[in-house]
>>> print(open('start_5.txt').read())   # compact mmCIF, C-alpha atoms
# COMPACT_ATOMS: atom_id res chain seq x y z
CA MET A 1 256.40 233.83 149.00
CA LEU A 2 255.40 234.75 152.56
CA CYS A 3 252.63 236.94 151.23
CA VAL A 4 251.31 234.03 149.23
CA VAL A 5 251.34 231.78 152.30
CA ALA A 6 249.48 234.44 154.26
CA ALA A 7 246.93 234.81 151.49
CA LEU A 8 246.42 231.05 151.37
CA ALA A 9 246.00 230.96 155.12
CA LEU A 10 243.29 233.57 154.88
CA ALA A 11 241.63 231.64 152.10
CA ALA A 12 241.71 228.46 154.16
CA CYS A 13 240.02 230.20 157.05
CA SER A 14 237.17 231.49 154.93
CA GLY A 15 234.24 229.24 154.12
CA THR A 16 234.08 230.40 150.53
CA PRO A 17 232.94 227.42 148.49
CA PRO A 18 234.98 226.52 145.44
CA GLU A 19 231.92 227.11 143.30
CA ALA A 20 232.45 230.80 143.94
CA ARG A 21 235.66 230.68 141.95
CA THR A 22 235.77 230.49 138.21
CA ALA A 23 234.85 227.11 136.87
CA PRO A 24 238.23 226.28 135.32
CA GLU A 25 240.03 227.15 138.56
CA SER A 26 237.64 225.07 140.59
CA ARG A 27 238.16 222.09 138.33
CA ARG A 28 241.92 222.56 138.42
CA LEU A 29 242.01 222.68 142.20
CA ALA A 30 239.79 219.64 142.57
CA ALA A 31 241.82 217.64 140.10
CA GLY A 32 245.08 218.03 141.94
CA ALA A 33 244.12 218.54 145.55
CA ASP A 34 246.73 216.14 146.87
CA SER A 35 248.74 213.13 145.90
CA SER A 36 245.61 211.02 146.11
CA PRO A 37 242.95 213.44 145.01
CA VAL A 38 239.53 212.86 146.51
CA THR A 39 236.79 215.35 145.89
CA ALA A 40 234.14 215.93 148.48
CA ALA A 41 231.63 214.11 146.33
CA GLU A 42 233.94 211.13 145.97
CA SER A 43 234.67 211.24 149.65
CA ALA A 44 230.98 211.12 150.34
CA ARG A 45 230.69 207.91 148.35
CA GLU A 46 233.17 206.10 150.55
CA PRO A 47 231.34 203.67 152.84
CA SER A 48 231.03 204.77 156.42
CA ARG A 49 232.51 202.77 159.28
CA HIS A 50 229.19 201.08 159.93
CA GLU A 51 228.56 200.46 156.27
CA ARG A 52 231.93 198.80 156.03
CA THR A 53 231.15 196.68 159.08
CA GLN A 54 227.89 195.56 157.59
CA LEU A 55 229.23 194.96 154.15
CA SER A 56 232.01 192.81 155.44
CA GLY A 57 230.39 191.30 158.49
CA ARG A 58 226.77 190.79 157.83
CA GLY A 59 226.46 190.88 154.08
CA ALA A 60 223.10 192.58 154.10
CA VAL A 61 222.45 196.23 154.65
CA ALA A 62 219.36 198.37 154.56
CA ASP A 63 216.02 196.94 153.66
CA ALA A 64 215.29 199.35 150.85
CA SER A 65 211.79 197.97 150.42
CA GLY A 66 210.79 199.11 153.90
CA ALA A 67 208.73 202.18 154.52
CA ALA A 68 211.07 205.13 154.51
CA PRO A 69 210.61 208.21 156.63
CA GLY A 70 210.82 210.30 153.48
CA GLU A 71 211.85 210.06 149.87
CA GLN A 72 214.87 212.26 150.37
CA ALA A 73 215.98 210.39 153.43
CA GLU A 74 215.69 207.15 151.52
CA ASP A 75 217.92 208.55 148.81
CA ALA A 76 220.36 209.93 151.29
CA ALA A 77 220.41 207.06 153.68
CA SER A 78 220.13 203.86 151.70
CA THR A 79 223.43 202.07 151.80
CA ASP A 80 223.12 200.05 148.63
CA ASP A 81 221.31 201.11 145.50
CA ALA A 82 220.18 204.65 146.31
CA GLU A 83 222.21 207.84 146.17
CA PRO A 84 224.66 208.03 149.04
CA ALA A 85 224.48 210.78 151.61
CA GLY A 86 226.41 213.79 150.50
CA ASP A 87 225.66 213.69 146.81
CA ARG A 88 225.59 217.28 145.72
CA ASP A 89 222.45 216.83 143.62
CA ALA A 90 220.46 214.91 146.25
CA GLY A 91 217.49 216.45 148.03
CA PRO A 92 217.32 217.48 151.65
CA LEU A 93 219.47 215.48 154.04
CA LEU A 94 217.45 214.50 157.07
CA VAL A 95 218.31 213.03 160.45
CA TYR A 96 215.55 210.98 162.07
CA GLU A 97 215.34 210.34 165.80
CA ALA A 98 212.60 208.78 167.90
CA GLU A 99 212.04 208.08 171.56
CA VAL A 100 209.20 205.84 172.61
CA THR A 101 208.06 204.92 176.10
CA LEU A 102 206.47 201.50 176.39
CA ALA A 103 204.88 199.55 179.22
CA VAL A 104 205.64 195.86 179.07
CA TYR A 105 205.50 193.04 181.57
CA ASN A 106 208.78 191.39 180.65
CA VAL A 107 211.40 194.03 179.94
CA ALA A 108 214.26 191.60 179.34
CA GLU A 109 212.35 189.85 176.56
CA ALA A 110 211.35 193.17 175.01
CA LEU A 111 214.95 194.39 175.08
CA ASP A 112 216.08 191.22 173.29
CA ALA A 113 213.31 191.59 170.72
CA ILE A 114 214.31 195.16 169.89
CA GLU A 115 217.95 194.22 169.58
CA ASP A 116 216.91 191.45 167.16
CA GLU A 117 214.81 193.94 165.16
CA ALA A 118 217.86 196.16 164.73
CA ASP A 119 220.03 193.22 163.64
CA GLU A 120 217.47 191.98 161.13
CA ARG A 121 217.24 195.40 159.50
CA GLY A 122 220.96 195.98 159.22
CA GLY A 123 221.12 198.22 162.24
CA TYR A 124 223.09 197.98 165.43
CA LEU A 125 222.88 198.38 169.19
CA VAL A 126 224.11 201.67 170.63
CA ARG A 127 223.29 201.27 174.33
CA ARG A 128 221.33 198.91 176.50
CA THR A 129 220.48 199.28 180.18
CA THR A 130 218.01 197.37 182.33
CA GLU A 131 215.15 199.65 181.34
CA ALA A 132 216.08 201.30 178.05
CA ILE A 133 217.67 200.50 174.73
CA THR A 134 219.01 202.68 171.93
CA ILE A 135 219.41 201.26 168.45
CA ARG A 136 220.33 202.70 165.07
CA VAL A 137 218.76 201.37 161.90
CA PRO A 138 219.18 202.33 158.24
CA ALA A 139 216.91 205.31 157.59
CA PRO A 140 214.65 203.43 155.14
CA ALA A 141 213.83 200.93 157.88
CA PHE A 142 213.11 203.62 160.47
CA ARG A 143 209.33 203.57 160.32
CA GLU A 144 208.88 199.81 160.22
CA THR A 145 211.35 199.30 163.07
CA LEU A 146 209.49 201.85 165.13
CA ALA A 147 206.18 200.12 164.40
CA ALA A 148 207.63 196.73 165.35
CA ALA A 149 208.98 198.15 168.60
CA VAL A 150 205.67 199.75 169.53
CA ASP A 151 203.91 196.40 168.99
CA LEU A 152 205.88 194.96 171.88
CA GLY A 153 203.92 196.78 174.57
CA ASP A 154 201.53 199.57 175.48
CA GLU A 155 202.74 202.87 174.07
CA LEU A 156 202.86 205.53 176.78
CA GLY A 157 204.62 208.25 174.81
CA ARG A 158 206.32 208.99 171.51
CA ASP A 159 208.65 211.76 170.37
CA VAL A 160 209.79 211.70 166.74
CA SER A 161 212.00 214.44 165.35
CA VAL A 162 213.39 215.17 161.90
CA ARG A 163 216.35 217.52 161.51
CA ASP A 164 217.28 218.98 158.12
CA VAL A 165 221.08 219.02 157.98
CA THR A 166 221.41 219.82 154.28
CA GLU A 167 222.90 223.26 154.82
CA GLU A 168 225.29 222.04 157.49
CA PHE A 169 226.39 219.14 155.29
CA ARG A 170 226.90 221.27 152.18
CA ASP A 171 228.81 223.88 154.15
CA LEU A 172 231.15 221.22 155.53
CA GLU A 173 231.68 219.83 152.03
CA ALA A 174 232.45 223.28 150.64
CA ARG A 175 234.88 224.08 153.43
CA LEU A 176 236.55 220.74 152.91
CA ASP A 177 236.92 221.33 149.17
CA ASN A 178 238.36 224.73 149.84
CA LEU A 179 240.88 223.45 152.35
CA ARG A 180 241.97 220.63 150.09
CA ALA A 181 242.60 223.15 147.32
CA VAL A 182 244.64 225.29 149.70
CA ARG A 183 246.63 222.27 150.81
CA GLN A 184 247.41 221.42 147.21
CA ARG A 185 248.64 224.96 146.52
CA LEU A 186 250.71 224.94 149.71
CA ALA A 187 252.33 221.70 148.59
CA ALA A 188 253.23 223.36 145.30
CA LEU A 189 254.66 226.35 147.17
CA LEU A 190 256.73 224.04 149.32
CA ASP A 191 258.35 222.61 146.22
CA ARG A 192 259.32 226.12 145.12
CA ALA A 193 260.57 227.38 148.51
CA ASP A 194 263.87 229.23 148.19
CA SER A 195 265.01 229.05 151.79
CA ILE A 196 264.64 226.85 154.87
CA GLU A 197 262.75 229.63 156.61
CA GLU A 198 260.22 229.78 153.81
CA ALA A 199 259.92 226.01 153.70
CA LEU A 200 259.30 225.84 157.46
CA GLN A 201 256.62 228.50 157.27
CA VAL A 202 254.85 226.72 154.45
CA GLU A 203 255.13 223.41 156.27
CA ASN A 204 253.57 224.89 159.40
CA GLU A 205 250.68 226.20 157.38
CA LEU A 206 250.38 222.86 155.59
CA GLU A 207 250.18 221.08 158.93
CA ARG A 208 247.48 223.41 160.18
CA VAL A 209 245.41 223.02 157.03
CA THR A 210 245.78 219.25 157.10
CA GLY A 211 244.58 219.22 160.71
CA GLU A 212 241.52 221.23 159.78
CA ILE A 213 240.81 218.91 156.86
CA GLU A 214 240.91 215.88 159.14
CA GLN A 215 238.63 217.59 161.62
CA LEU A 216 236.09 218.47 158.93
CA GLU A 217 236.28 214.98 157.47
CA GLY A 218 235.44 213.61 160.90
CA GLN A 219 232.47 215.95 161.27
CA LEU A 220 231.25 215.03 157.81
CA GLU A 221 231.56 211.33 158.62
CA VAL A 222 229.52 211.73 161.81
CA LEU A 223 226.85 213.68 159.96
CA ARG A 224 226.77 211.14 157.16
CA GLU A 225 226.18 208.32 159.62
CA LEU A 226 223.45 210.27 161.37
CA ILE A 227 221.72 210.64 158.01
CA GLN A 228 222.18 207.04 156.98
CA PHE A 229 221.18 205.53 160.32
CA SER A 230 218.15 206.70 162.27
CA THR A 231 218.25 206.56 166.05
CA ILE A 232 215.48 204.89 168.03
CA ARG A 233 215.44 204.87 171.82
CA ILE A 234 212.91 202.77 173.67
CA VAL A 235 212.32 203.36 177.36
CA PHE A 236 210.39 200.74 179.26
CA GLN A 237 208.18 201.45 182.21
CA ALA A 238 206.22 199.20 184.47
CA GLN A 239 202.49 199.07 183.94
CA PRO A 240 201.05 202.15 185.59
CA ASP A 241 199.15 201.82 188.84
CA ASP A 242 195.85 202.71 187.25
CA THR A 243 195.85 199.55 185.15
CA PRO A 244 192.87 197.67 186.58
CA VAL A 245 194.11 194.48 188.14
CA GLU A 246 191.08 192.60 186.81
CA ASP A 247 192.10 193.57 183.27
CA ILE A 248 195.42 191.80 183.70
CA ASP A 249 195.36 188.06 183.21
CA PRO A 250 194.50 186.97 186.75
CA ARG A 251 195.87 183.46 186.22
CA VAL A 252 195.58 181.20 189.20
CA THR A 253 195.44 182.23 192.83
CA LEU A 254 197.68 180.09 195.00
CA PRO A 255 196.76 179.30 198.62
CA PHE A 256 199.75 181.06 200.18
CA ASP A 257 198.73 184.13 202.11
CA TRP A 258 202.23 185.52 202.20
CA LEU A 259 202.12 186.04 198.42
CA ASP A 260 199.55 188.80 198.98
CA ASP A 261 201.95 190.48 201.39
CA LEU A 262 204.65 190.73 198.73
CA THR A 263 204.30 194.37 197.79
CA LEU A 264 206.62 197.31 197.56
CA GLY A 265 204.19 199.45 199.52
CA GLN A 266 204.28 197.02 202.42
CA LEU A 267 208.07 196.85 202.39
CA LEU A 268 208.55 200.61 202.29
CA ASP A 269 205.98 201.35 204.98
CA LEU A 270 208.24 201.69 207.99
CA GLU A 271 205.49 202.93 210.29
CA SER A 272 203.51 199.71 210.30
CA ASN A 273 204.51 196.11 210.89
CA MET B 1 240.40 189.37 242.97
CA THR B 2 239.35 192.97 243.09
CA ASN B 3 235.89 194.25 242.34
CA ASP B 4 237.25 195.99 239.23
CA VAL B 5 238.45 192.72 237.75
CA LEU B 6 235.13 191.03 238.50
CA SER B 7 233.24 193.86 236.87
CA LEU B 8 235.46 193.66 233.80
CA ARG B 9 234.87 189.91 233.49
CA PHE B 10 231.13 190.43 233.81
CA VAL B 11 231.10 193.11 231.12
CA LEU B 12 233.20 190.94 228.77
CA SER B 13 230.98 187.90 229.27
CA VAL B 14 227.87 189.96 228.55
CA LEU B 15 229.44 191.42 225.43
CA LEU B 16 230.38 187.95 224.18
CA ALA B 17 227.02 186.42 225.00
CA THR B 18 224.80 189.09 223.47
CA PRO B 19 225.40 188.32 219.76
CA ALA B 20 225.09 184.60 220.43
CA LEU B 21 221.76 185.08 222.19
CA ALA B 22 220.54 187.37 219.45
CA ALA B 23 221.50 184.86 216.79
CA CYS B 24 219.50 182.13 218.59
CA GLY B 25 216.29 184.00 217.79
CA SER B 26 216.61 183.81 214.03
CA ALA B 27 217.34 181.07 211.53
CA PHE B 28 219.59 183.18 209.36
CA GLU B 29 222.36 185.71 209.31
CA HIS B 30 221.82 188.85 207.32
CA PRO B 31 224.58 191.40 207.78
CA THR B 32 223.43 194.99 207.56
CA PRO B 33 225.31 196.74 204.78
CA SER B 34 227.10 200.02 205.18
CA GLY B 35 224.74 202.98 204.92
CA PHE B 36 221.77 201.02 206.35
CA VAL B 37 220.34 200.79 209.84
CA GLU B 38 218.62 197.68 211.14
CA LEU B 39 215.15 198.35 212.50
CA ASN B 40 214.43 196.73 215.84
CA GLU B 41 210.77 196.17 215.26
CA ASP B 42 208.35 193.53 216.44
CA SER B 43 206.92 192.60 213.08
CA ASP B 44 204.56 189.82 212.08
CA ARG B 45 205.67 190.02 208.48
CA TYR B 46 209.38 190.63 208.57
CA ASP B 47 212.10 188.80 210.46
CA TYR B 48 214.59 191.50 209.58
CA ARG B 49 214.27 194.96 208.13
CA ALA B 50 216.82 197.70 207.52
CA THR B 51 216.59 201.06 205.85
CA SER B 52 218.92 203.56 204.28
CA ALA B 53 218.57 207.24 205.03
CA ASP B 54 217.13 207.70 201.54
CA GLY B 55 214.35 205.14 202.04
CA VAL B 56 215.74 202.01 200.39
CA VAL B 57 214.45 199.16 202.54
CA LEU B 58 215.87 195.65 202.88
CA SER B 59 214.00 192.81 204.53
CA VAL B 60 214.12 189.08 205.20
CA ARG B 61 211.20 186.76 205.77
CA ALA B 62 211.75 183.21 206.98
CA LEU B 63 208.63 181.23 206.04
CA ASP B 64 207.82 177.61 206.84
CA HIS B 65 208.66 175.66 203.73
CA ASP B 66 205.42 173.73 203.81
CA PRO B 67 204.37 172.52 201.34
CA GLU B 68 207.88 172.11 200.01
CA GLY B 69 208.49 173.31 196.48
CA GLU B 70 211.41 173.67 194.14
CA LEU B 71 213.10 176.99 193.56
CA SER B 72 211.55 177.21 190.08
CA PHE B 73 208.06 176.76 191.56
CA TRP B 74 208.43 179.63 194.02
CA SER B 75 210.08 181.81 191.42
CA ARG B 76 207.16 181.27 189.06
CA ALA B 77 204.58 181.75 191.81
CA ILE B 78 206.08 185.09 192.84
CA GLN B 79 206.40 186.26 189.24
CA ASN B 80 202.75 185.43 188.57
CA GLN B 81 201.62 187.12 191.76
CA LEU B 82 203.51 190.34 191.15
CA ARG B 83 203.00 190.54 187.40
CA TYR B 84 199.43 189.41 186.97
CA HIS B 85 197.86 190.30 190.29
CA SER B 86 199.83 193.36 191.34
CA GLY B 87 200.83 194.91 188.00
CA TYR B 88 204.61 194.85 188.40
CA ALA B 89 206.94 194.50 185.40
CA LEU B 90 209.65 191.87 185.52
CA LEU B 91 212.89 193.63 184.61
CA GLU B 92 215.45 190.90 185.20
CA GLU B 93 215.92 187.45 186.66
CA HIS B 94 219.29 186.36 188.06
CA GLU B 95 220.67 183.25 189.68
CA VAL B 96 222.27 184.09 193.02
CA GLU B 97 224.17 182.23 195.73
CA SER B 98 224.23 182.93 199.44
CA ALA B 99 227.35 183.01 201.58
CA ASP B 100 226.70 179.43 202.74
CA GLY B 101 226.17 178.12 199.22
CA LEU B 102 222.37 178.19 198.94
CA GLU B 103 221.21 178.51 195.35
CA GLY B 104 218.58 181.15 194.79
CA VAL B 105 216.91 183.42 192.28
CA GLN B 106 216.64 187.18 192.33
CA LEU B 107 213.64 188.70 190.56
CA ARG B 108 213.85 192.39 189.76
CA PHE B 109 210.58 194.20 189.22
CA GLY B 110 209.71 197.73 188.18
CA HIS B 111 206.69 199.60 189.47
CA ASP B 112 205.44 203.17 189.44
CA GLN B 113 204.51 204.40 192.88
CA ASP B 114 203.58 207.93 193.91
CA ASP B 115 204.33 209.00 190.31
CA ALA B 116 207.94 207.86 190.63
CA PRO B 117 209.59 204.78 189.11
CA HIS B 118 210.49 202.23 191.77
CA GLN B 119 212.34 198.93 191.77
CA TYR B 120 211.52 195.92 193.88
CA PHE B 121 213.92 192.97 194.17
CA VAL B 122 212.74 189.65 195.60
CA THR B 123 215.41 187.01 196.23
CA ILE B 124 214.34 183.45 197.04
CA PHE B 125 216.52 180.99 198.96
CA PRO B 126 214.69 177.72 199.71
CA THR B 127 216.00 175.22 202.24
CA GLU B 128 214.37 171.98 203.38
CA ASP B 129 212.56 173.68 206.27
CA THR B 130 212.51 177.36 205.45
CA LEU B 131 211.73 179.53 202.50
CA PHE B 132 213.77 182.70 202.79
CA LEU B 133 212.55 185.79 200.98
CA LEU B 134 214.95 188.74 200.79
CA GLU B 135 213.28 191.91 199.58
CA ALA B 136 214.78 195.24 198.58
CA GLY B 137 212.85 198.24 197.35
CA GLY B 138 213.00 201.95 196.74
CA THR B 139 212.98 204.54 193.99
CA THR B 140 214.90 203.50 190.89
CA GLU B 141 217.39 206.31 191.47
CA GLU B 142 218.15 205.23 195.06
CA MET B 143 218.15 201.53 194.19
CA ASP B 144 220.75 202.22 191.50
CA ARG B 145 222.80 204.19 193.99
CA HIS B 146 222.68 201.39 196.57
CA SER B 147 222.93 198.48 194.13
CA GLY B 148 226.34 197.46 195.46
CA GLU B 149 225.17 197.31 199.08
CA ILE B 150 221.99 195.42 198.12
CA GLN B 151 223.95 192.75 196.28
CA TRP B 152 226.48 192.57 199.10
CA ALA B 153 223.68 191.85 201.58
CA VAL B 154 222.29 189.06 199.37
CA GLU B 155 225.67 187.46 198.79
CA ASN B 156 226.49 187.56 202.50
CA PHE B 157 223.18 186.12 203.64
CA SER B 158 223.37 182.68 205.20
CA ALA B 159 220.85 180.27 206.68
CA ARG B 160 221.83 178.46 209.86
>>> encode(input="start_5.txt", output="structure tokens")
Amino acid sequence: MLCVVAALALAACSGTPPEARTAPESRRLAAGADSSPVTAAESAREPSRHERTQLSGRGAVADASGAAPGEQAEDAASTDDAEPAGDRDAGPLLVYEAEVTLAVYNVAEALDAIEDEADERGGYLVRRTTEAITIRVPAPAFRETLAAAVDLGDELGRDVSVRDVTEEFRDLEARLDNLRAVRQRLAALLDRADSIEEALQVENELERVTGEIEQLEGQLEVLRELIQFSTIRIVFQAQPDDTPVEDIDPRVTLPFDWLDDLTLGQLLDLESN
Amino acid sequence: MTNDVLSLRFVLSVLLATPALAACGSAFEHPTPSGFVELNEDSDRYDYRATSADGVVLSVRALDHDPEGELSFWSRAIQNQLRYHSGYALLEEHEVESADGLEGVQLRFGHDQDDAPHQYFVTIFPTEDTLFLLEAGGTTEEMDRHSGEIQWAVENFSAR
């Protein structure tokens, strides 16, 4: 019995995917992984926390008609009719991130506008400060949200990155499958334990494996959300000094001389009065 | 009465009279926050100026309120001046209140200067006779660091 527990422990530590086993064994393990068997593929179809929020709270999710960053990302990230992230037969799983620097005259209005853009597209606000905002939008709406954001001001810089997490995702799924199979076999061993000592040893191992499963499920969930929701960060800057003043709407000039004295340069110049 | 006692009385009377005399020269009270030093300068522009060691500067201007305008007028005039004439970006606009209950507006602007992002706050407190302008400026990093002291100075300002 103890040898079997040790062998299972070793198996749980290895990342050997269940596909490496014989097909019948793999099917058997997946079918009875625990009292409520959930395969990795089924697990991947469960809505994420944000999906659940949107489904229950807002009703609408991703705008699937929007320009997607890529076909695979659209498949992986759409939260309604497309393949969910984590499907074993789907294409590459991609994480999209963008950071844009914009010059605008009224930052508060621009911040509100970007928050509205995220809401309208089924996204959500991650962080907002006085000069920057980070939003997450469904991957299919990534490009159009970015375009809408850029329209709000003068674009000073843009950094868009795409990260292929397919291998990382598949590896996590495989390790999860493997651990669930081990947990199921440990549960069977527990039923057949002949002594308290044996039962305690199996229980300890069961606890460890369960902990690892929960950890991997958490990692998989985070990765799934990163795939489904693209991150866009907009940083606002004041109009640069080299913007010709005459190019800015001069409006009206009021007859109050002190208005001309209202400058940061004047205030900070401690050597002159 | 000994000479020592007379000297002590003289010193005490001078100590008591000095702040009162100093206060007579200005139409406001602007306590200097911790970490700042008031500059004793003879300025045409500023009625009060203080600086932190890191270069965040606070100031007060007491202008004749003539012609008299509403708070919204001056707020708009300053926004237009700084945004359209000087190229500043309006970051935020807040209602504020002075220690003696004056209603005012604080305009927070962003501006790049010497290749570094800066912030410039202008707070307006209009009274019947005087238009008070409280300014605060410095690099964004230092302004963030001193934000508590800056707000403290605004909230403890009073016109007399």
>>> interface_residues(input="start_5.txt", of="chain B", to="chain A", cutoff="8 Å", atoms="all atoms listed in the file", output="ChimeraX atom specification")
/B:41-46,55-59,77-78,80-92,110-113,117,120,135-138
>>> closest_residue(input="start_5.txt", among="A:Val95, A:Glu167, A:Phe229, A:Ala118", to="Ile133 (chain A)", atoms="all atoms listed in the file")
A:Ala118
>>> residues_around(input="start_5.txt", residues="Thr32 (chain B)", least_positions_apart="5", cutoff="12 Å", atoms="only C-alpha atoms", output="CSV table (one decimal) with C-alpha atoms, in the frame of the given file")
chain,number,residue,atom,x,y,z
B,37,VAL,CA,220.3,200.8,209.8
B,38,GLU,CA,218.6,197.7,211.1
B,39,LEU,CA,215.2,198.4,212.5
B,48,TYR,CA,214.6,191.5,209.6
B,49,ARG,CA,214.3,195.0,208.1
B,50,ALA,CA,216.8,197.7,207.5
B,51,THR,CA,216.6,201.1,205.8
B,52,SER,CA,218.9,203.6,204.3
B,57,VAL,CA,214.4,199.2,202.5
B,58,LEU,CA,215.9,195.6,202.9
B,59,SER,CA,214.0,192.8,204.5
B,60,VAL,CA,214.1,189.1,205.2
B,149,GLU,CA,225.2,197.3,199.1
B,150,ILE,CA,222.0,195.4,198.1
B,151,GLN,CA,224.0,192.8,196.3
B,152,TRP,CA,226.5,192.6,199.1
B,153,ALA,CA,223.7,191.8,201.6
B,154,VAL,CA,222.3,189.1,199.4
B,155,GLU,CA,225.7,187.5,198.8
B,156,ASN,CA,226.5,187.6,202.5
B,157,PHE,CA,223.2,186.1,203.6
>>> closest_residue(input="start_5.txt", among="A:Glu197, A:Glu173, A:Asp154, A:Glu203", to="Thr101 (chain A)", atoms="only C-alpha atoms")
A:Asp154
>>> atom_distance(input="start_5.txt", atom1="CA of Leu216 (chain A)", atom2="CA of Arg127 (chain A)")
26.4 Å
>>> closest_residue(input="start_5.txt", among="A:Gly211, A:Pro255, A:Gly123, A:Pro138", to="Arg224 (chain A)", atoms="all atoms listed in the file")
A:Pro138
>>> atom_distance(input="start_5.txt", atom1="CA of Ala148 (chain A)", atom2="CA of Gln228 (chain A)")
19.7 Å
>>> axis_aligned_box(input="start_5.txt", around="region 97-113 of chain A", padding_each_side="3 Å", output="JSON")
{"center_x": 210.5, "center_y": 200.1, "center_z": 173.7, "size_x": 17.2, "size_y": 26.5, "size_z": 21.8}
>>> closest_residue(input="start_5.txt", among="B:Leu102, B:Ala62, B:Ala53, B:Ala116", to="Phe28 (chain B)", atoms="all atoms listed in the file")
B:Ala62
>>> atom_distance(input="start_5.txt", atom1="CA of Glu120 (chain A)", atom2="CA of Leu102 (chain A)")
21.1 Å
